[in-house]
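Have a look at final_7.csv; it's CSV, C-alpha atoms:
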```
chain,number,residue,atom,x,y,z
A,1,MET,CA,91.5,-29.1,91.1
A,2,ALA,CA,91.1,-25.4,91.9
A,3,GLU,CA,91.9,-24.5,88.3
A,4,THR,CA,89.1,-26.8,87.0
A,5,GLU,CA,86.6,-25.3,89.4
A,6,ASN,CA,87.5,-21.8,88.3
A,7,LYS,CA,86.8,-22.7,84.6
A,8,ASN,CA,83.4,-24.2,85.4
A,9,PRO,CA,81.6,-20.9,86.0
A,10,LYS,CA,82.8,-19.6,82.6
A,11,LYS,CA,81.7,-22.8,80.9
A,12,GLN,CA,78.4,-22.6,82.6
A,13,PHE,CA,77.9,-19.0,81.5
A,14,ILE,CA,78.8,-19.8,77.9
A,15,ILE,CA,76.3,-22.7,77.9
A,16,PHE,CA,73.7,-20.3,79.4
A,17,ILE,CA,74.3,-17.8,76.6
A,18,LEU,CA,74.1,-20.5,74.0
A,19,LYS,CA,70.8,-21.8,75.4
A,20,PHE,CA,69.4,-18.3,75.6
A,21,VAL,CA,70.3,-17.5,72.0
A,22,LEU,CA,68.8,-20.9,71.0
A,23,LEU,CA,65.6,-20.1,72.9
A,24,VAL,CA,65.4,-16.7,71.3
A,25,LEU,CA,65.8,-18.2,67.8
A,26,LEU,CA,63.2,-20.8,68.5
A,27,ALA,CA,60.8,-18.2,69.9
A,28,THR,CA,61.3,-16.0,66.9
A,29,ALA,CA,60.8,-18.9,64.5
A,30,ALA,CA,57.7,-19.9,66.3
A,31,TYR,CA,56.4,-16.3,66.2
A,32,ARG,CA,57.1,-16.0,62.5
A,33,LEU,CA,55.4,-19.3,61.9
A,34,LEU,CA,52.4,-18.1,63.9
A,35,PHE,CA,52.2,-14.9,61.9
A,36,TRP,CA,52.5,-16.9,58.6
A,37,PHE,CA,49.8,-19.3,59.7
A,38,LEU,CA,47.4,-16.6,60.9
A,39,TRP,CA,47.7,-14.2,58.0
A,40,LYS,CA,49.5,-15.7,55.0
A,41,SER,CA,48.6,-19.4,54.9
A,42,GLU,CA,45.5,-20.4,52.9
A,43,ALA,CA,44.8,-22.8,55.7
A,44,GLY,CA,44.8,-20.1,58.3
A,45,PRO,CA,41.7,-19.1,60.3
A,46,ASP,CA,39.4,-16.3,59.1
A,47,ALA,CA,38.8,-14.0,62.0
A,48,TYR,CA,37.0,-11.2,60.2
A,49,ASP,CA,34.4,-12.9,58.0
A,50,SER,CA,31.5,-11.2,59.9
A,51,SER,CA,33.2,-7.8,60.2
A,52,TYR,CA,32.0,-4.7,58.3
A,53,GLN,CA,35.4,-4.3,56.7
A,54,ARG,CA,34.8,-7.4,54.6
A,55,ALA,CA,32.2,-5.5,52.7
A,56,LEU,CA,35.1,-3.6,51.0
A,57,LEU,CA,36.3,-6.9,49.5
A,58,ARG,CA,32.7,-7.5,48.1
A,59,GLN,CA,32.8,-4.0,46.5
A,60,ILE,CA,36.2,-4.7,44.9
A,61,TYR,CA,35.0,-8.0,43.5
A,62,ALA,CA,32.0,-6.3,42.1
A,63,LEU,CA,34.2,-3.8,40.3
A,64,GLU,CA,36.4,-6.6,39.0
A,65,ASP,CA,33.5,-8.5,37.4
A,66,PRO,CA,34.6,-8.9,33.8
A,67,GLU,CA,30.9,-9.1,32.7
A,68,ARG,CA,29.9,-5.7,34.1
A,69,ASP,CA,29.0,-2.9,31.8
A,70,PRO,CA,30.2,0.7,32.4
A,71,GLU,CA,28.6,2.0,35.6
A,72,LEU,CA,28.5,4.9,38.0
A,73,ILE,CA,30.9,4.3,40.9
A,74,ILE,CA,30.5,6.5,44.0
A,75,PHE,CA,33.3,6.5,46.5
A,76,GLY,CA,34.4,8.2,49.8
A,77,SER,CA,34.3,7.6,53.5
A,78,SER,CA,31.6,6.2,55.8
A,79,TYR,CA,29.1,8.8,54.7
A,80,VAL,CA,28.9,7.1,51.3
A,81,PRO,CA,27.4,3.8,52.4
A,82,TYR,CA,25.3,5.6,55.0
A,83,GLY,CA,24.2,8.2,52.4
A,84,ILE,CA,23.9,6.5,49.0
A,85,ASP,CA,21.0,4.4,48.0
A,86,THR,CA,21.9,2.9,44.6
A,87,LYS,CA,18.3,2.0,43.7
A,88,THR,CA,17.2,5.6,44.2
A,89,ILE,CA,20.0,6.9,42.0
A,90,GLU,CA,19.3,4.3,39.3
A,91,GLU,CA,15.6,5.2,39.3
A,92,THR,CA,16.2,8.9,39.2
A,93,LEU,CA,18.7,8.7,36.4
A,94,GLY,CA,16.4,6.4,34.5
A,95,ASP,CA,18.9,5.5,31.8
A,96,GLY,CA,19.7,2.0,32.9
A,97,THR,CA,23.0,2.9,34.5
A,98,GLU,CA,24.1,0.6,37.3
A,99,VAL,CA,25.5,2.2,40.5
A,100,GLN,CA,28.3,0.8,42.6
A,101,ILE,CA,29.5,2.1,46.0
A,102,LEU,CA,33.2,1.9,47.0
A,103,GLY,CA,33.9,2.8,50.6
A,104,ILE,CA,33.3,1.7,54.1
A,105,GLU,CA,34.9,3.9,56.7
A,106,ALA,CA,37.5,6.8,57.0
A,107,ALA,CA,40.2,4.3,58.2
A,108,ILE,CA,40.4,2.8,54.7
A,109,GLY,CA,41.9,6.1,53.4
A,110,ILE,CA,41.1,7.8,50.1
A,111,PRO,CA,44.5,7.0,48.5
A,112,TYR,CA,43.8,3.3,48.9
A,113,LEU,CA,40.4,3.6,47.3
A,114,ILE,CA,42.0,5.6,44.4
A,115,ASP,CA,44.5,2.7,43.9
A,116,VAL,CA,41.6,0.3,43.7
A,117,LEU,CA,39.8,2.5,41.1
A,118,LYS,CA,42.9,2.7,39.0
A,119,GLU,CA,43.0,-1.1,38.9
A,120,ASP,CA,39.4,-1.8,38.4
A,121,THR,CA,37.7,1.1,36.5
A,122,ARG,CA,37.3,0.8,32.8
A,123,PRO,CA,36.5,3.0,29.8
A,124,GLY,CA,33.0,4.4,30.0
A,125,ASP,CA,32.7,4.4,33.8
A,126,THR,CA,31.7,7.5,35.7
A,127,VAL,CA,33.3,8.0,39.1
A,128,VAL,CA,31.9,10.3,41.7
A,129,TYR,CA,33.9,11.4,44.8
A,130,ILE,CA,31.8,12.6,47.7
A,131,LEU,CA,33.7,15.4,49.4
A,132,GLY,CA,33.0,15.7,53.1
A,133,GLU,CA,34.5,17.2,56.2
A,134,SER,CA,36.5,14.0,56.5
A,135,ASN,CA,39.0,13.3,53.7
A,136,PRO,CA,41.4,10.9,55.3
A,137,THR,CA,44.9,10.4,53.9
A,138,GLU,CA,45.9,7.9,56.7
A,139,THR,CA,45.2,4.3,56.0
A,140,SER,CA,44.6,1.8,58.7
A,141,ILE,CA,46.6,-1.3,57.8
A,142,MET,CA,44.4,-3.3,60.2
A,143,SER,CA,41.2,-2.2,58.5
A,144,ILE,CA,42.4,-3.1,55.1
A,145,SER,CA,44.0,-6.3,56.3
A,146,ALA,CA,40.7,-7.4,57.8
A,147,ALA,CA,38.9,-6.6,54.6
A,148,LEU,CA,41.4,-8.5,52.3
A,149,GLU,CA,42.1,-11.3,54.8
A,150,PRO,CA,40.7,-14.3,52.7
A,151,ASP,CA,42.2,-13.0,49.4
A,152,LYS,CA,45.9,-13.7,50.0
A,153,GLU,CA,47.0,-12.3,46.6
A,154,LYS,CA,45.4,-8.9,47.3
A,155,LEU,CA,46.5,-8.9,50.9
A,156,LEU,CA,50.2,-9.6,50.2
A,157,SER,CA,50.2,-7.2,47.3
A,158,TYR,CA,48.9,-4.5,49.6
A,159,TRP,CA,51.5,-5.3,52.2
A,160,ASP,CA,54.2,-5.2,49.5
A,161,LYS,CA,53.1,-1.7,48.5
A,162,GLU,CA,53.2,-0.6,52.1
A,163,GLY,CA,56.8,-1.7,52.4
A,164,SER,CA,56.5,-2.7,56.1
A,165,VAL,CA,53.9,-4.6,58.1
A,166,PRO,CA,53.4,-4.2,61.8
A,167,ASP,CA,53.3,-8.0,62.2
A,168,THR,CA,53.3,-8.1,66.0
A,169,TYR,CA,50.3,-5.8,66.1
A,170,LEU,CA,48.5,-7.8,63.4
A,171,THR,CA,49.2,-11.1,65.1
A,172,TRP,CA,47.8,-9.9,68.5
A,173,ARG,CA,44.8,-8.3,66.9
A,174,LYS,CA,43.9,-11.5,65.1
A,175,LEU,CA,44.5,-13.6,68.2
A,176,TYR,CA,42.2,-11.2,70.0
A,177,ALA,CA,39.5,-11.5,67.3
A,178,LEU,CA,39.7,-15.3,67.4
A,179,THR,CA,39.4,-15.6,71.1
A,180,VAL,CA,38.0,-12.7,73.1
A,181,ALA,CA,36.1,-10.5,70.6
A,182,THR,CA,33.1,-12.8,70.1
A,183,PRO,CA,32.3,-13.4,73.8
A,184,LEU,CA,32.7,-9.7,74.5
A,185,GLU,CA,30.3,-8.8,71.7
A,186,MET,CA,27.8,-11.3,73.1
A,187,VAL,CA,28.0,-9.6,76.5
A,188,ARG,CA,27.7,-6.2,74.9
A,189,SER,CA,24.6,-7.2,72.9
A,190,ARG,CA,23.0,-8.5,76.1
A,191,LEU,CA,23.7,-5.3,78.1
A,192,SER,CA,22.7,-2.9,75.3
A,193,ASP,CA,19.6,-2.8,73.1
A,194,LYS,CA,21.4,-0.5,70.7
A,195,LYS,CA,21.4,-2.1,67.2
A,196,GLN,CA,24.8,-2.8,65.7
A,197,VAL,CA,24.6,-1.6,62.1
A,198,TYR,CA,28.3,-2.0,61.2
A,199,GLU,CA,28.6,-5.7,60.3
A,200,ILE,CA,28.9,-7.6,57.1
A,201,GLY,CA,25.2,-8.5,57.1
A,202,SER,CA,24.4,-4.8,56.8
A,203,PHE,CA,25.9,-4.5,53.3
A,204,ASP,CA,25.0,-5.9,49.9
A,205,GLU,CA,27.4,-6.4,46.9
A,206,LYS,CA,26.6,-2.9,45.6
A,207,GLY,CA,27.8,-1.4,48.9
A,208,ASN,CA,24.3,-0.4,50.0
A,209,MET,CA,23.8,-0.4,53.8
A,210,THR,CA,20.7,-2.5,53.7
A,211,VAL,CA,19.9,-2.5,57.4
A,212,GLU,CA,17.0,-0.2,58.0
A,213,ARG,CA,18.1,2.9,60.0
A,214,THR,CA,15.2,4.8,61.5
A,215,GLY,CA,15.0,7.9,63.5
A,216,THR,CA,18.0,9.9,64.7
A,217,GLU,CA,20.5,9.6,67.5
A,218,ILE,CA,22.2,13.0,67.1
A,219,SER,CA,21.3,16.4,68.5
A,220,PRO,CA,21.7,19.1,65.9
A,221,ASN,CA,23.6,22.2,67.0
A,222,ALA,CA,20.8,24.8,67.3
A,223,ASP,CA,23.3,27.6,67.8
A,224,ARG,CA,24.4,27.4,64.1
A,225,ASN,CA,28.0,28.0,64.8
A,226,ASN,CA,29.8,25.6,62.6
A,227,THR,CA,32.1,27.1,60.0
A,228,ILE,CA,34.0,25.7,57.0
A,229,ASP,CA,37.4,26.8,55.6
A,230,PHE,CA,38.9,25.2,52.5
A,231,ASP,CA,42.5,25.7,53.8
A,232,GLU,CA,41.7,23.7,57.0
A,233,LEU,CA,40.1,20.9,55.0
A,234,LYS,CA,42.6,20.6,52.2
A,235,ASN,CA,45.2,17.8,52.5
A,236,GLU,CA,47.2,15.3,50.5
A,237,SER,CA,44.0,13.5,49.4
A,238,PHE,CA,43.1,16.6,47.3
A,239,ASP,CA,46.3,16.2,45.3
A,240,ALA,CA,45.6,12.4,44.9
A,241,LEU,CA,42.2,13.2,43.5
A,242,ASN,CA,43.7,15.6,41.0
A,243,ASP,CA,46.2,13.0,39.9
A,244,PHE,CA,43.2,10.5,39.6
A,245,LYS,CA,41.5,13.1,37.3
A,246,HIS,CA,44.5,12.9,35.0
A,247,TYR,CA,44.3,9.1,35.0
A,248,CYS,CA,40.6,9.2,34.2
A,249,ASP,CA,41.1,11.6,31.3
A,250,GLU,CA,43.7,9.3,29.8
A,251,ASN,CA,41.4,6.2,30.1
A,252,ASP,CA,38.0,7.5,28.9
A,253,ILE,CA,36.6,7.6,32.4
A,254,THR,CA,34.4,10.5,33.7
A,255,PHE,CA,35.4,11.8,37.1
A,256,VAL,CA,33.4,14.4,39.1
A,257,ILE,CA,33.1,15.6,42.7
A,258,THR,CA,30.1,16.5,44.8
A,259,TYR,CA,29.5,17.1,48.4
A,260,SER,CA,28.4,15.0,51.4
A,261,PRO,CA,25.2,15.6,53.3
A,262,THR,CA,25.5,17.7,56.5
A,263,VAL,CA,23.1,18.8,59.2
A,264,GLU,CA,21.3,22.0,58.1
A,265,GLU,CA,20.8,23.3,61.6
A,266,SER,CA,24.5,23.2,62.6
A,267,TRP,CA,25.9,25.7,60.2
A,268,LYS,CA,26.6,29.4,60.7
A,269,GLU,CA,24.3,31.4,58.3
A,270,ASP,CA,27.0,33.0,56.2
A,271,GLU,CA,26.5,33.0,52.5
A,272,ALA,CA,29.9,34.6,51.8
A,273,MET,CA,31.6,31.8,53.7
A,274,PHE,CA,29.9,29.1,51.7
A,275,SER,CA,30.4,30.8,48.3
A,276,THR,CA,34.1,31.3,49.2
A,277,PHE,CA,34.4,27.7,50.1
A,278,ASP,CA,32.7,26.5,46.9
A,279,LYS,CA,34.9,28.7,44.8
A,280,ASN,CA,38.1,27.5,46.5
A,281,VAL,CA,37.1,23.9,45.9
A,282,GLU,CA,36.3,24.5,42.3
A,283,ASP,CA,39.6,26.4,41.7
A,284,TYR,CA,41.8,23.8,43.3
A,285,MET,CA,40.1,20.6,42.1
A,286,GLU,CA,40.7,19.6,38.5
A,287,ALA,CA,37.5,17.5,38.3
A,288,ASP,CA,34.2,19.3,37.8
A,289,VAL,CA,32.3,19.9,41.1
A,290,LEU,CA,28.6,19.3,41.0
A,291,GLY,CA,26.6,21.8,43.1
A,292,GLY,CA,27.6,23.7,46.1
A,293,PHE,CA,28.2,22.8,49.7
A,294,GLU,CA,24.8,24.2,50.8
A,295,ASP,CA,22.9,22.2,48.2
A,296,PHE,CA,23.2,19.1,50.3
A,297,PHE,CA,22.1,20.4,53.6
A,298,LEU,CA,19.4,18.2,55.2
A,299,PRO,CA,17.4,18.7,58.4
A,300,GLY,CA,18.8,16.9,61.4
A,301,GLU,CA,15.8,14.4,61.4
A,302,TYR,CA,17.4,12.6,58.4
A,303,PHE,CA,20.7,11.8,60.2
A,304,TYR,CA,21.3,8.7,62.1
A,305,ASN,CA,24.3,8.3,64.5
A,306,HIS,CA,26.7,11.0,63.2
A,307,PRO,CA,26.4,14.4,61.6
A,308,LEU,CA,27.5,12.9,58.3
A,309,HIS,CA,25.6,9.6,58.6
A,310,LEU,CA,22.1,9.5,57.2
A,311,ASN,CA,19.2,7.2,58.2
A,312,SER,CA,17.5,5.2,55.5
A,313,GLU,CA,15.0,7.9,54.6
A,314,GLY,CA,17.7,10.5,54.5
A,315,ALA,CA,19.8,8.3,52.2
A,316,ARG,CA,17.0,8.2,49.7
A,317,ILE,CA,16.5,12.0,49.8
A,318,TYR,CA,20.2,12.7,49.5
A,319,SER,CA,20.7,10.1,46.7
A,320,ALA,CA,17.9,11.8,44.7
A,321,LEU,CA,19.8,15.1,45.1
A,322,VAL,CA,23.0,13.6,43.8
A,323,ALA,CA,21.3,11.9,40.9
A,324,GLU,CA,19.6,15.2,39.9
A,325,LYS,CA,23.1,16.9,39.9
A,326,LEU,CA,24.4,14.1,37.7
A,327,LYS,CA,21.5,14.5,35.3
A,328,GLU,CA,22.1,18.2,35.0
A,329,TYR,CA,25.8,17.6,34.4
A,330,GLY,CA,25.0,15.1,31.6
A,331,ASN,CA,22.7,17.5,29.8
```
Encoded form (structure tokens):
Amino acid sequence: MAETENKNPKKQFIIFILKFVLLVLLATAAYRLLFWFLWKSEAGPDAYDSSYQRALLRQIYALEDPERDPELIIFGSSYVPYGIDTKTIEETLGDGTEVQILGIEAAIGIPYLIDVLKEDTRPGDTVVYILGESNPTETSIMSISAALEPDKEKLLSYWDKEGSVPDTYLTWRKLYALTVATPLEMVRSRLSDKKQVYEIGSFDEKGNMTVERTGTEISPNADRNNTIDFDELKNESFDALNDFKHYCDENDITFVITYSPTVEESWKEDEAMFSTFDKNVEDYMEADVLGGFEDFFLPGEYFYNHPLHLNSEGARIYSALVAEKLKEYGN
């Protein structure tokens, strides 16, 4: 009798371990099933259909259109949709060229946009990269996943190229978007009269930020103490751009670089600094560079909510400047 009682605790412990292992396996299977349903299944819910990231997918589809003629494609970070007005460029060029924007925010990363361009550009296209003070190499897997969410083929292809997916992070982010995000945004909109410009309704298929942006919310630096140094700006994206130049040359695609708008009042008045910067960019980049950094200075009144983000009037002025540089280049 005593021997039987001594064996029971061991047996109970083994049963406990087996139950625990089974529970872990079931929880893991349930979690994997949840991740599959949320992100991979065609029947899964779309949590980001109203997010601004979804505008990127619209832009990609526009580039993929088999019926499109060769066009002018302008890409870069958030200062591109904030700064480019495609109608102004088309009217200034005056040769019937259609203009398409590719880019939403810095978190998308320049290397990813280059991958898109390698897949979707075609002979006869002209591609312009807008070089700014922000030239990100890091890509936010969350931003791209939100953008590609409904197109499972593109989403899974992107994940395969990444090699590893933070599925726990993606799962919780999507659960948050499906449950808490909308009520919180409703509360925010009630408490603040600040207009939300970054949402899907602010963009058209060409990538234009169609929402009217008036006035300015920034305070230009009147001390004029900003400086710029090529060595501090240069990173891996510059090499990716040089590699893209080779691709374009091999595929009858024109690729050039020009500069983003920046606030005129914020820069140190140093002609030597700007000429040195321009020369360093031209020497390092294999694509032709249109204009100089100073050519795209604009007064602070034309900027909206960031020293690189233009309001609607500023976008039209800057777009005309870019178009004039392109016309000069083509002549």
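Minimum distance to Glu328 (chain A) across A:Phe274, A:Lys245, A:Gly132, A:Gly291 (counting only C-alpha atoms) occurs at A:Gly291.
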* Asked: Hey, which of A:Asp85, A:Glu324, A:Glu119, A:Glu301 ends up closest to Gly215 (chain A)? Count all atoms listed in the file.
  -> A:Glu301
* Asked: When distances are computed from all atoms listed in the file, which of A:Ile60, A:Ile114, A:Leu18, A:Val24 shows the smallest separation from Ile101 (chain A)?
  -> A:Ile60
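Between CA of Phe37 (chain A) and CA of Phe203 (chain A) the interatomic distance comes to 28.8 Å.
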* To do: Pick out the closest residue to Ser260 (chain A) from this set: A:His309, A:Arg54, A:Lys325, A:Lys19. Count all atoms listed in the file.
  =>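 The closest residue to Ser260 (chain A) is A:His309.
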* To do: Can you work out which one of A:Ala315, A:Ala240, A:Leu178, A:Ile144 has the shortest atom-to-atom distance to Ala287 (chain A), counting only C-alpha atoms?
  =>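 Smallest separation from Ala287 (chain A) among the options: A:Ala240.
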